[in-house]
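Before any comments, here is the structure.
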Amino acid sequence: MKKRMIAMLLAGGQGSRLGVLTAKVAKPAVSFGGKYRIIDFPLSNCVNSNVDTVGVLTQYRPLRLNDHIGIGISWDLDRPNGGVHVLPPYEKSSDSEWYTGTANAIYQNIEFMDSYCPEYVLILSGDHIYKMNYENMLENHIRNGAKISIASMPVPWEEASRFGIVITDGKGRITGFEEKPANPKSNLASMGIYIFDYKVLREALIANRDVPACDFGKHVIPYCFDMNMPMYTYEFTDYWKDVGTLSSYWEANMGLLEEKPELDLYEKFGQIYTKTEPLPPAYFAPGSHVTRSSFGDGVVIEGTVDHCVLGPGVVVEKGAVVRDSVVMEGSRICAGASVTKAIIAENTVVGAGAVLGAGEFAESAYDRKVYNSDLVTVDEKTVIPEGVTIGKNTAISGVTTVSDYPGGVLASGGVIIKERR
Amino acid sequence: MKMIGLILAGGGSPVREMSQKATAALPVAGGFNAIDFSLSCMVHAGITSVAVISQVNSRHLNHHLKDSTWWDFGRKKGGLFLISPVVTPENQSWYDGTVEALLDAVDFMDSCHEPYVIIASGDGVYNMDFDKALDYHIEKGAEITIITAGFPAGRRTESFGQVKADGNGQVLSLSEKISERVSDDVSCGIYILRRRALISMLEEARLAGKKDFVTDVICPRIGDGRVYAYRHEGYWNSVTAADAYFSCNMDFLRPEVREEVFNGPSPILSKVCDTAPVKLLGDANVQNCVVTGGAVIAGEVADSVVFERVKIGKGAVVRNSILLPNTVVPEGMHVQDCIYAEKPRY
């Protein structure tokens, strides 16, 4: 079955800087914006761009991701021809290996791509929050006579040294690259979204197959550039957020709560689809106090909620106060608890009267690369006992009891991770 | 797979100023259409073949049901069948009564092999276990089982068939739409029969020129002693009249009703409409409200049912009202004791 353009979505990464949030799920499967998961954005973009064949490459902790994608019904990607395909690494008669790099992962699925005889292949990652019409990018690709197009967006000059930068001739043709340059020559950051003429991609992947940990940014794109392939940029200026760290994840969620948010989930244009459970509507009880917040279906709010993103089925009991927090599906904040600046993953219970986010910031005693803000991060299916006090810049995972909190306190910068059987 | 389902969804909107939709397609309880309740209970009872018989303004109903995926129909075996009146050289009119409507489903029933049929209406709001009702039907050796419920508070007797039964469940009388209150139990319009028996009853009624399934087919058999009542001990209401539509929606502000209907035997399934999260802005004040996905609230709302994608502007005040899907309450507007609707469309 021939397809003009198919998409390959890289969803195998852990996203280790999200700490306990990605201890058990791959980053693309992490909840975002209350009822979505990160991967919903590229998947919905595909459907909204008439790309109806998507290979999703999984590797790290794929269970939640597989369950979420299923056969693609939620995105209308359950198709007799094409549709969504989950592509994990597989055993071969020789050279069996994991996906060792982004390009290596695509290389290992050449057979899959061949089966659709595509003219173009769209390479995406499951890590970013944005709405983009890939059809426009393809039009741009064809108009330019490009063999490779790289989506890029202007970033503030002072931040440009954090990104992979593309340099263009002013008409969109790429004349050079810089990886995290100290003195950037351009402020166009690569978004990790590529369109390749398939023939070019196939040839480049095969030519680089023996490169260890073969990566698009480090190997395949430079290879094509050296081969003098016409390479153009597609400039994108709308909302695009990397949610790879706890604070960027938190900020992106909070951004949705603006009266006129940069990312509008309510407009018809570029609608974002997700797997939805049959749940009753939200209920706000008498005496509840709720402002500047968003809610999934089935929530029951009896307490106070201000400036929060709450997922489906979340319960906030009487007297509980939740502020500046993200609370994911199925979690319960029990009576009288106080939660400030927390990210609480799915199906967690915060016991009655517990205080999260108390005191002042302190350096993390556990991992300063991951935990370096005021946020309290709580893993899924965690239990926080009644009455304990938890400081800022902390992480909790597992079923904890009062005995895990000496004197009823987890000081700022502290971590409790309990292994599960 | 012991039963097939028939849903009578022919009724037009009880409030024509509000909506021209078929009753079965009216939005109920935030995010659901009236027919979802009967349909979900059937799905939960393992019923895989269901025919929906519609008549008046079935467009919205058909649109709601077209992706039968959400109720897990659309399988190789069974499925959801939509039946509506067909104009032929012999028949130029709509269904002249429920007997004719059900006769239109005889072909469907003939093509099935399940021994029992459950007939329900598309306007009932409840969550019950049809399997238990079937067990009761079999255990009693009933010819017809009528499912009954307690008289819904505040409703008029004329809206219902009142059922009197003896201690053993045998029906003594079924008084359709009378003004006098004779019983605490009403018929839910849900019946269980053997499939073959139903087909012959319908054929017989057709030959005798009978029109109404309840008064002409069920009532004459009550004296035979094989018509039983199965009492549903729980919430039941129907949205067949304007006051009922209002009170039924308002019932969902009560925790015990939400608990029973939404956490009952069957999850209530509906078409997924991909709404964004509910959003409350800085000046919002929402008290005792059911709010459906995609709603954005900046005003004050109390004791109300807010449907999907409703927008409520700053300074607007809404009390004791139902805001139907996609409506906009502009800044500063006061809405009280209303069913707030868009201009009705066909």
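Residue numbering restarts at 1 for every chain of the structure tokens, chains are lettered A, B, ... in their displayed order, and ligands are numbered from 1 as they appear.
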
Please provide as a PDB file with C-alpha atoms, in the first residue's frame all residues within 12 Å of range 206-219 of chain B, with the sequence filter that same-chain residues fewer than 2 positions apart are discarded (counting only C-alpha atoms).
```pdb
ATOM      1  CA  LEU B   8     -37.797   2.495  21.319  1.00  0.00           C
ATOM      2  CA  TYR B  95     -45.376   4.383  12.622  1.00  0.00           C
ATOM      3  CA  ASP B  96     -48.982   4.285  13.731  1.00  0.00           C
ATOM      4  CA  GLY B  97     -48.189   3.123  17.263  1.00  0.00           C
ATOM      5  CA  THR B  98     -45.552   1.040  18.993  1.00  0.00           C
ATOM      6  CA  VAL B  99     -46.814  -2.248  17.554  1.00  0.00           C
ATOM      7  CA  GLU B 100     -46.008  -1.088  14.048  1.00  0.00           C
ATOM      8  CA  ALA B 101     -42.636   0.218  15.198  1.00  0.00           C
ATOM      9  CA  LEU B 102     -41.745  -3.101  16.811  1.00  0.00           C
ATOM     10  CA  LEU B 103     -43.031  -4.999  13.762  1.00  0.00           C
ATOM     11  CA  ASP B 104     -40.364  -3.191  11.774  1.00  0.00           C
ATOM     12  CA  ILE B 119     -37.240  -3.822  25.109  1.00  0.00           C
ATOM     13  CA  GLU B 143     -44.281 -14.634  29.787  1.00  0.00           C
ATOM     14  CA  ILE B 144     -43.631 -10.920  30.129  1.00  0.00           C
ATOM     15  CA  THR B 145     -41.564  -9.174  32.791  1.00  0.00           C
ATOM     16  CA  ILE B 146     -42.179  -5.470  33.292  1.00  0.00           C
ATOM     17  CA  PHE B 160     -46.541   6.853  33.570  1.00  0.00           C
ATOM     18  CA  GLY B 161     -48.044   3.439  33.631  1.00  0.00           C
ATOM     19  CA  GLN B 162     -48.669   2.571  37.281  1.00  0.00           C
ATOM     20  CA  VAL B 163     -48.102  -1.064  38.160  1.00  0.00           C
ATOM     21  CA  VAL B 171     -48.778  -8.040  38.024  1.00  0.00           C
ATOM     22  CA  LEU B 172     -52.371  -7.351  39.045  1.00  0.00           C
ATOM     23  CA  SER B 173     -52.890  -4.188  37.030  1.00  0.00           C
ATOM     24  CA  LEU B 174     -51.122  -1.758  34.743  1.00  0.00           C
ATOM     25  CA  SER B 175     -52.886   1.595  34.570  1.00  0.00           C
ATOM     26  CA  GLU B 176     -51.556   3.651  31.705  1.00  0.00           C
ATOM     27  CA  LYS B 177     -51.471   7.407  31.978  1.00  0.00           C
ATOM     28  CA  SER B 187     -43.415   0.879  34.626  1.00  0.00           C
ATOM     29  CA  CYS B 188     -39.971   1.846  33.336  1.00  0.00           C
ATOM     30  CA  GLY B 189     -41.042   0.901  29.834  1.00  0.00           C
ATOM     31  CA  ILE B 190     -38.566  -1.977  29.971  1.00  0.00           C
ATOM     32  CA  TYR B 191     -39.850  -5.468  29.175  1.00  0.00           C
ATOM     33  CA  ILE B 192     -38.327  -8.916  28.888  1.00  0.00           C
ATOM     34  CA  LEU B 193     -39.925 -11.577  26.710  1.00  0.00           C
ATOM     35  CA  ALA B 197     -43.101 -15.141  21.718  1.00  0.00           C
ATOM     36  CA  LEU B 198     -42.681 -11.428  21.027  1.00  0.00           C
ATOM     37  CA  ILE B 199     -42.680 -12.003  17.282  1.00  0.00           C
ATOM     38  CA  SER B 200     -45.924 -13.980  17.423  1.00  0.00           C
ATOM     39  CA  MET B 201     -47.563 -11.452  19.761  1.00  0.00           C
ATOM     40  CA  LEU B 202     -46.704  -8.702  17.287  1.00  0.00           C
ATOM     41  CA  GLU B 203     -47.975 -10.663  14.280  1.00  0.00           C
ATOM     42  CA  GLU B 204     -51.173 -11.420  16.122  1.00  0.00           C
ATOM     43  CA  ARG B 221     -52.270 -10.786  29.105  1.00  0.00           C
ATOM     44  CA  ILE B 222     -52.165  -9.577  32.701  1.00  0.00           C
ATOM     45  CA  GLY B 223     -55.124 -11.735  33.654  1.00  0.00           C
ATOM     46  CA  ASP B 224     -53.291 -14.879  32.524  1.00  0.00           C
ATOM     47  CA  GLY B 225     -51.010 -14.667  35.539  1.00  0.00           C
ATOM     48  CA  ARG B 226     -47.699 -14.804  33.687  1.00  0.00           C
ATOM     49  CA  VAL B 227     -46.950 -11.109  33.617  1.00  0.00           C
ATOM     50  CA  TYR B 228     -44.463 -10.260  36.366  1.00  0.00           C
TER      51      TYR B 228
END
```

**Q.** Exercise: His68 in chain A partners within 8 Å, only C-alpha atoms, chain neighbours under 4 positions left out, as JSON, numbers by chain
**A.** {"A": [29, 64, 275]}

Go ahead and dump the residues you just picked, N, CA and C atoms, as a PDB file, in the first residue's frame.
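Result file is out36.pdb:
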```
ATOM      1  N   ALA A  29       4.626   9.122  27.511  1.00  0.00           N
ATOM      2  CA  ALA A  29       3.385   8.671  28.142  1.00  0.00           C
ATOM      3  C   ALA A  29       3.051   9.470  29.396  1.00  0.00           C
ATOM      4  N   ARG A  64       2.676   1.572  29.529  1.00  0.00           N
ATOM      5  CA  ARG A  64       1.676   2.637  29.580  1.00  0.00           C
ATOM      6  C   ARG A  64       1.413   3.207  28.188  1.00  0.00           C
ATOM      7  N   LYS A 275      -6.855   9.341  24.586  1.00  0.00           N
ATOM      8  CA  LYS A 275      -7.699   8.230  25.026  1.00  0.00           C
ATOM      9  C   LYS A 275      -8.534   8.702  26.205  1.00  0.00           C
TER      10      LYS A 275
END
```

At a cut-off of 7 Å, using only C-alpha atoms, what residues contact range 339-346 of chain A? Leave out same-chain residues fewer than 4 positions from it and give the result as a PDB file with N, CA, C and O atoms, in the first residue's frame.
```pdb
ATOM      1  N   LEU A  21       8.764  10.906  37.879  1.00  0.00           N
ATOM      2  CA  LEU A  21       7.638  10.870  36.932  1.00  0.00           C
ATOM      3  C   LEU A  21       7.882   9.862  35.816  1.00  0.00           C
ATOM      4  O   LEU A  21       6.952   9.293  35.257  1.00  0.00           O
ATOM      5  N   VAL A 321      -6.412  22.230  50.619  1.00  0.00           N
ATOM      6  CA  VAL A 321      -6.057  23.412  49.833  1.00  0.00           C
ATOM      7  C   VAL A 321      -4.947  23.013  48.866  1.00  0.00           C
ATOM      8  O   VAL A 321      -3.884  22.555  49.287  1.00  0.00           O
ATOM      9  N   VAL A 322      -5.193  23.177  47.572  1.00  0.00           N
ATOM     10  CA  VAL A 322      -4.200  22.807  46.565  1.00  0.00           C
ATOM     11  C   VAL A 322      -3.894  24.042  45.726  1.00  0.00           C
ATOM     12  O   VAL A 322      -4.806  24.651  45.162  1.00  0.00           O
ATOM     13  N   ARG A 323      -2.630  24.404  45.669  1.00  0.00           N
ATOM     14  CA  ARG A 323      -2.239  25.605  44.914  1.00  0.00           C
ATOM     15  C   ARG A 323      -1.061  25.315  43.995  1.00  0.00           C
ATOM     16  O   ARG A 323      -0.168  24.543  44.350  1.00  0.00           O
ATOM     17  N   ASP A 324      -1.067  25.975  42.844  1.00  0.00           N
ATOM     18  CA  ASP A 324       0.090  25.943  41.923  1.00  0.00           C
ATOM     19  C   ASP A 324       0.597  24.528  41.683  1.00  0.00           C
ATOM     20  O   ASP A 324       1.800  24.295  41.678  1.00  0.00           O
ATOM     21  N   SER A 325      -0.308  23.592  41.475  1.00  0.00           N
ATOM     22  CA  SER A 325       0.113  22.194  41.379  1.00  0.00           C
ATOM     23  C   SER A 325      -0.492  21.491  40.162  1.00  0.00           C
ATOM     24  O   SER A 325      -1.487  21.931  39.600  1.00  0.00           O
ATOM     25  N   VAL A 326       0.164  20.386  39.790  1.00  0.00           N
ATOM     26  CA  VAL A 326      -0.360  19.487  38.771  1.00  0.00           C
ATOM     27  C   VAL A 326      -0.723  18.194  39.490  1.00  0.00           C
ATOM     28  O   VAL A 326       0.140  17.602  40.146  1.00  0.00           O
ATOM     29  N   VAL A 327      -1.978  17.781  39.403  1.00  0.00           N
ATOM     30  CA  VAL A 327      -2.389  16.532  40.037  1.00  0.00           C
ATOM     31  C   VAL A 327      -2.990  15.638  38.954  1.00  0.00           C
ATOM     32  O   VAL A 327      -3.954  16.016  38.295  1.00  0.00           O
ATOM     33  N   MET A 328      -2.404  14.470  38.777  1.00  0.00           N
ATOM     34  CA  MET A 328      -2.815  13.617  37.652  1.00  0.00           C
ATOM     35  C   MET A 328      -3.945  12.673  38.032  1.00  0.00           C
ATOM     36  O   MET A 328      -4.276  12.481  39.198  1.00  0.00           O
ATOM     37  N   GLU A 329      -4.479  12.044  36.981  1.00  0.00           N
ATOM     38  CA  GLU A 329      -5.654  11.189  37.041  1.00  0.00           C
ATOM     39  C   GLU A 329      -5.746  10.309  38.292  1.00  0.00           C
ATOM     40  O   GLU A 329      -4.805   9.621  38.659  1.00  0.00           O
ATOM     41  N   GLY A 330      -6.921  10.314  38.897  1.00  0.00           N
ATOM     42  CA  GLY A 330      -7.240   9.351  39.944  1.00  0.00           C
ATOM     43  C   GLY A 330      -6.618   9.612  41.302  1.00  0.00           C
ATOM     44  O   GLY A 330      -6.763   8.796  42.206  1.00  0.00           O
ATOM     45  N   SER A 331      -5.927  10.724  41.481  1.00  0.00           N
ATOM     46  CA  SER A 331      -5.314  10.979  42.787  1.00  0.00           C
ATOM     47  C   SER A 331      -6.316  11.641  43.725  1.00  0.00           C
ATOM     48  O   SER A 331      -7.278  12.261  43.293  1.00  0.00           O
ATOM     49  N   VAL A 355       1.064  18.180  54.751  1.00  0.00           N
ATOM     50  CA  VAL A 355       1.456  19.466  54.153  1.00  0.00           C
ATOM     51  C   VAL A 355       2.573  19.198  53.155  1.00  0.00           C
ATOM     52  O   VAL A 355       3.615  18.651  53.514  1.00  0.00           O
ATOM     53  N   LEU A 356       2.367  19.560  51.895  1.00  0.00           N
ATOM     54  CA  LEU A 356       3.386  19.387  50.859  1.00  0.00           C
ATOM     55  C   LEU A 356       3.864  20.762  50.411  1.00  0.00           C
ATOM     56  O   LEU A 356       3.052  21.626  50.103  1.00  0.00           O
ATOM     57  N   GLY A 357       5.182  20.926  50.369  1.00  0.00           N
ATOM     58  CA  GLY A 357       5.739  22.195  49.901  1.00  0.00           C
ATOM     59  C   GLY A 357       5.929  23.193  51.024  1.00  0.00           C
ATOM     60  O   GLY A 357       5.780  24.389  50.814  1.00  0.00           O
ATOM     61  N   ASP A 374      11.507  24.507  43.548  1.00  0.00           N
ATOM     62  CA  ASP A 374      10.675  24.406  44.754  1.00  0.00           C
ATOM     63  C   ASP A 374       9.716  23.219  44.730  1.00  0.00           C
ATOM     64  O   ASP A 374       8.988  22.984  45.683  1.00  0.00           O
ATOM     65  N   LEU A 375       9.696  22.492  43.609  1.00  0.00           N
ATOM     66  CA  LEU A 375       8.616  21.519  43.396  1.00  0.00           C
ATOM     67  C   LEU A 375       8.710  20.277  44.283  1.00  0.00           C
ATOM     68  O   LEU A 375       9.794  19.743  44.502  1.00  0.00           O
ATOM     69  N   VAL A 376       7.550  19.835  44.733  1.00  0.00           N
ATOM     70  CA  VAL A 376       7.433  18.522  45.379  1.00  0.00           C
ATOM     71  C   VAL A 376       6.977  17.567  44.286  1.00  0.00           C
ATOM     72  O   VAL A 376       5.951  17.792  43.650  1.00  0.00           O
ATOM     73  N   THR A 377       7.730  16.506  44.023  1.00  0.00           N
ATOM     74  CA  THR A 377       7.375  15.578  42.954  1.00  0.00           C
ATOM     75  C   THR A 377       6.964  14.240  43.573  1.00  0.00           C
ATOM     76  O   THR A 377       7.717  13.670  44.356  1.00  0.00           O
ATOM     77  N   VAL A 378       5.784  13.780  43.227  1.00  0.00           N
ATOM     78  CA  VAL A 378       5.260  12.556  43.834  1.00  0.00           C
ATOM     79  C   VAL A 378       4.955  11.549  42.738  1.00  0.00           C
ATOM     80  O   VAL A 378       4.222  11.850  41.786  1.00  0.00           O
ATOM     81  N   ASP A 379       5.506  10.369  42.844  1.00  0.00           N
ATOM     82  CA  ASP A 379       5.347   9.301  41.857  1.00  0.00           C
ATOM     83  C   ASP A 379       3.916   8.767  41.873  1.00  0.00           C
ATOM     84  O   ASP A 379       3.156   8.988  42.815  1.00  0.00           O
ATOM     85  N   GLU A 380       3.577   8.018  40.816  1.00  0.00           N
ATOM     86  CA  GLU A 380       2.243   7.407  40.754  1.00  0.00           C
ATOM     87  C   GLU A 380       2.075   6.349  41.851  1.00  0.00           C
ATOM     88  O   GLU A 380       3.052   5.823  42.376  1.00  0.00           O
ATOM     89  N   LYS A 381       0.835   6.070  42.191  1.00  0.00           N
ATOM     90  CA  LYS A 381       0.468   5.047  43.187  1.00  0.00           C
ATOM     91  C   LYS A 381       1.235   5.211  44.499  1.00  0.00           C
ATOM     92  O   LYS A 381       1.572   4.230  45.164  1.00  0.00           O
TER      93      LYS A 381
END
```

Q. Range 119-345 of chain B: which residues are helix (DSSP H, G or I) by DSSP, as a PyMOL selection string?
A. chain B and resi 130-140+157-159+195-207+213-224+242-251+255-262

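Residues within 8 Å of range 44-46 of chain A, counting only C-alpha atoms and excluding same-chain residues fewer than 5 positions away, are Ala7, Val51, Asp52, Val54, Trp75, Lys131, Met132, Asn133, Tyr134, Gly270, Gln271, Ile272 and Tyr273 of chain A.
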
Expected file: the selected residues, N, CA, C and O atoms, as a short mmCIF file (atom, residue, chain, number, x, y, z; two decimals), in the first residue's frame:
```cif
data_model
loop_
_atom_site.label_atom_id
_atom_site.label_comp_id
_atom_site.auth_asym_id
_atom_site.auth_seq_id
_atom_site.Cartn_x
_atom_site.Cartn_y
_atom_site.Cartn_z
N ALA A 7 4.86 8.84 9.02
CA ALA A 7 5.58 9.44 10.15
C ALA A 7 6.23 8.35 10.99
O ALA A 7 5.67 7.26 11.16
N VAL A 51 -1.67 12.74 7.92
CA VAL A 51 -0.69 11.65 7.92
C VAL A 51 -1.35 10.50 8.66
O VAL A 51 -1.58 10.58 9.86
N ASP A 52 -1.72 9.45 7.93
CA ASP A 52 -2.54 8.40 8.55
C ASP A 52 -1.74 7.13 8.82
O ASP A 52 -2.32 6.11 9.18
N VAL A 54 1.57 5.95 11.04
CA VAL A 54 2.54 6.40 12.03
C VAL A 54 3.18 5.18 12.69
O VAL A 54 2.48 4.34 13.25
N TRP A 75 -7.28 8.47 18.02
CA TRP A 75 -6.76 9.43 17.03
C TRP A 75 -7.28 9.12 15.65
O TRP A 75 -6.79 9.65 14.66
N LYS A 131 1.41 22.41 18.42
CA LYS A 131 0.49 22.07 17.34
C LYS A 131 1.14 22.50 16.04
O LYS A 131 1.49 23.67 15.88
N MET A 132 1.35 21.56 15.14
CA MET A 132 1.97 21.92 13.87
C MET A 132 1.28 21.16 12.75
O MET A 132 0.90 20.01 12.92
N ASN A 133 1.10 21.85 11.62
CA ASN A 133 0.57 21.17 10.45
C ASN A 133 1.73 20.69 9.59
O ASN A 133 2.40 21.47 8.94
N TYR A 134 1.96 19.38 9.61
CA TYR A 134 3.10 18.82 8.87
C TYR A 134 2.89 18.90 7.36
O TYR A 134 3.83 18.81 6.60
N GLY A 270 -6.63 22.35 14.91
CA GLY A 270 -5.60 21.51 15.50
C GLY A 270 -6.03 20.88 16.81
O GLY A 270 -5.32 20.93 17.81
N GLN A 271 -7.19 20.27 16.79
CA GLN A 271 -7.69 19.66 18.02
C GLN A 271 -6.78 18.53 18.50
O GLN A 271 -6.25 17.77 17.70
N ILE A 272 -6.57 18.46 19.81
CA ILE A 272 -5.73 17.40 20.37
C ILE A 272 -6.63 16.28 20.88
O ILE A 272 -7.57 16.51 21.65
N TYR A 273 -6.34 15.08 20.43
CA TYR A 273 -7.14 13.91 20.81
C TYR A 273 -6.38 13.09 21.85
O TYR A 273 -5.16 13.09 21.88
#
```

Q.
Residues of chain A within 8 Å of chain B, counting only C-alpha atoms, what are they? List them as a PyMOL selection string.
A. chain A and resi 34-35+257+259+265-266+272-274+276+278-297

Pull C-alpha atoms from the residues just selected and write them as a compact mmCIF listing (two decimals), in the first residue's frame.
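Printed below is out33.txt as written:
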```txt
# COMPACT_ATOMS: atom_id res chain seq x y z
CA GLY A 34 -4.88 17.33 32.83
CA LYS A 35 -6.31 14.85 30.38
CA LEU A 257 -4.30 28.31 32.96
CA GLU A 259 -7.07 33.46 30.42
CA LEU A 265 -6.83 23.55 23.60
CA TYR A 266 -10.36 24.89 23.15
CA ILE A 272 -5.73 17.40 20.37
CA TYR A 273 -7.14 13.91 20.81
CA THR A 274 -6.48 11.51 23.65
CA THR A 276 -10.73 9.01 27.15
CA PRO A 278 -16.06 6.92 30.23
CA LEU A 279 -16.29 9.26 33.22
CA PRO A 280 -19.07 11.39 34.66
CA PRO A 281 -18.80 15.18 34.47
CA ALA A 282 -16.88 17.24 37.01
CA TYR A 283 -18.65 18.14 40.27
CA PHE A 284 -17.97 21.24 42.36
CA ALA A 285 -19.52 20.89 45.81
CA PRO A 286 -21.10 23.64 47.88
CA GLY A 287 -18.36 25.36 49.86
CA SER A 288 -15.64 24.58 47.34
CA HIS A 289 -13.46 27.44 46.24
CA VAL A 290 -11.96 27.09 42.80
CA THR A 291 -10.14 29.61 40.66
CA ARG A 292 -7.68 29.70 37.73
CA SER A 293 -7.67 25.92 37.27
CA SER A 294 -8.51 23.21 34.79
CA PHE A 295 -10.17 19.86 35.46
CA GLY A 296 -10.54 16.50 33.78
CA ASP A 297 -13.87 14.67 33.79
```

(Q) So that I can see what lies close to Asn183 in chain A, please list as a ChimeraX atom specification the residues with an atom at most 12 Å from it, counting only C-alpha atoms and leaving out residues fewer than 6 positions away in the same chain. (A) /A:157-163,165

Could you please take those selected residues and save all heavy atoms as a tab-separated table (two decimals), in the first residue's frame?
```tsv
chain	number	residue	atom	x	y	z
A	157	TRP	N	18.21	35.02	21.70
A	157	TRP	CA	19.64	34.84	21.45
A	157	TRP	C	20.39	34.32	22.66
A	157	TRP	O	21.26	33.46	22.56
A	157	TRP	CB	20.27	36.17	20.99
A	157	TRP	CG	19.98	36.44	19.53
A	157	TRP	CD1	18.95	37.15	19.01
A	157	TRP	CD2	20.73	35.97	18.41
A	157	TRP	NE1	19.00	37.16	17.64
A	157	TRP	CE2	20.10	36.44	17.24
A	157	TRP	CE3	21.90	35.19	18.28
A	157	TRP	CZ2	20.56	36.17	15.97
A	157	TRP	CZ3	22.36	34.92	17.00
A	157	TRP	CH2	21.70	35.40	15.85
A	158	GLU	N	20.02	34.82	23.83
A	158	GLU	CA	20.77	34.43	25.03
A	158	GLU	C	20.55	32.94	25.37
A	158	GLU	O	21.34	32.35	26.09
A	158	GLU	CB	20.42	35.33	26.22
A	158	GLU	CG	18.96	35.35	26.65
A	158	GLU	CD	18.11	36.38	25.89
A	158	GLU	OE1	18.55	36.82	24.79
A	158	GLU	OE2	17.02	36.73	26.37
A	159	GLU	N	19.48	32.34	24.80
A	159	GLU	CA	19.24	30.92	25.08
A	159	GLU	C	19.76	30.02	23.97
A	159	GLU	O	19.75	28.79	24.09
A	159	GLU	CB	17.74	30.67	25.26
A	159	GLU	CG	17.20	31.13	26.60
A	159	GLU	CD	15.71	30.91	26.71
A	159	GLU	OE1	15.21	29.94	26.12
A	159	GLU	OE2	15.04	31.73	27.37
A	160	ALA	N	20.18	30.65	22.85
A	160	ALA	CA	20.52	29.86	21.66
A	160	ALA	C	21.63	28.84	21.92
A	160	ALA	O	21.66	27.78	21.29
A	160	ALA	CB	20.93	30.79	20.52
A	161	SER	N	22.48	29.14	22.89
A	161	SER	CA	23.59	28.21	23.13
A	161	SER	C	23.14	26.92	23.83
A	161	SER	O	23.95	26.03	24.04
A	161	SER	CB	24.69	28.91	23.93
A	161	SER	OG	24.14	29.50	25.07
A	162	ARG	N	21.85	26.82	24.17
A	162	ARG	CA	21.36	25.56	24.75
A	162	ARG	C	20.84	24.60	23.69
A	162	ARG	O	20.46	23.47	24.00
A	162	ARG	CB	20.22	25.86	25.74
A	162	ARG	CG	20.70	26.45	27.07
A	162	ARG	CD	19.53	26.82	27.96
A	162	ARG	NE	18.44	25.88	27.88
A	162	ARG	CZ	17.15	26.23	27.84
A	162	ARG	NH1	16.81	27.49	27.87
A	162	ARG	NH2	16.21	25.31	27.77
A	163	PHE	N	20.77	25.07	22.43
A	163	PHE	CA	20.11	24.27	21.41
A	163	PHE	C	21.06	23.85	20.30
A	163	PHE	O	22.18	24.35	20.18
A	163	PHE	CB	18.98	25.09	20.77
A	163	PHE	CG	17.84	25.37	21.70
A	163	PHE	CD1	17.82	26.52	22.47
A	163	PHE	CD2	16.77	24.49	21.79
A	163	PHE	CE1	16.77	26.79	23.33
A	163	PHE	CE2	15.71	24.76	22.65
A	163	PHE	CZ	15.71	25.90	23.42
A	165	ILE	N	21.70	24.54	16.66
A	165	ILE	CA	21.35	25.73	15.90
A	165	ILE	C	21.56	25.47	14.40
A	165	ILE	O	22.55	24.83	14.01
A	165	ILE	CB	22.24	26.91	16.36
A	165	ILE	CG1	21.90	27.30	17.81
A	165	ILE	CG2	22.13	28.12	15.45
A	165	ILE	CD1	20.50	27.84	18.01
```

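Between CA of Gly315 in chain B and CA of Leu256 in chain A lies a distance of 22.1 Å.
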
(Q) One decimal, in Å: what's the spacing between CA of Gly19 in chain A and CA of Ala365 in chain A? (A) 13.7 Å

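In this structure, CA of Phe269 in chain A sits 8.8 Å away from CA of Asn48 in chain A.
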
Q | Those of range 104-207 of chain B in DSSP strand (DSSP E), formatted as an MDAnalysis selection string | A | chainID B and resid 116:121 124:126 144:150 161:165 171:176 185:194

Residues as selected, C-alpha atoms, written as a compact mmCIF listing (two decimals), in the first residue's frame, can you do that?
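New file again-v2.txt:
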```txt
# COMPACT_ATOMS: atom_id res chain seq x y z
CA TYR B 116 -34.74 -13.44 24.90
CA VAL B 117 -35.46 -9.84 24.00
CA ILE B 118 -35.27 -6.85 26.27
CA ILE B 119 -37.24 -3.82 25.11
CA ALA B 120 -36.25 -0.49 26.62
CA SER B 121 -37.02 3.10 25.84
CA GLY B 124 -34.92 6.42 30.64
CA VAL B 125 -32.12 7.54 32.96
CA TYR B 126 -30.89 4.75 35.23
CA ILE B 144 -43.63 -10.92 30.13
CA THR B 145 -41.56 -9.17 32.79
CA ILE B 146 -42.18 -5.47 33.29
CA ILE B 147 -39.38 -3.60 35.02
CA THR B 148 -40.74 -1.15 37.55
CA ALA B 149 -39.32 1.58 39.73
CA GLY B 150 -40.47 3.86 42.50
CA GLY B 161 -48.04 3.44 33.63
CA GLN B 162 -48.67 2.57 37.28
CA VAL B 163 -48.10 -1.06 38.16
CA LYS B 164 -49.72 -3.02 40.97
CA ALA B 165 -48.26 -6.42 41.75
CA VAL B 171 -48.78 -8.04 38.02
CA LEU B 172 -52.37 -7.35 39.05
CA SER B 173 -52.89 -4.19 37.03
CA LEU B 174 -51.12 -1.76 34.74
CA SER B 175 -52.89 1.59 34.57
CA GLU B 176 -51.56 3.65 31.71
CA ASP B 185 -44.54 1.66 41.33
CA VAL B 186 -44.35 2.78 37.75
CA SER B 187 -43.42 0.88 34.63
CA CYS B 188 -39.97 1.85 33.34
CA GLY B 189 -41.04 0.90 29.83
CA ILE B 190 -38.57 -1.98 29.97
CA TYR B 191 -39.85 -5.47 29.17
CA ILE B 192 -38.33 -8.92 28.89
CA LEU B 193 -39.93 -11.58 26.71
CA ARG B 194 -38.92 -14.62 24.71
```
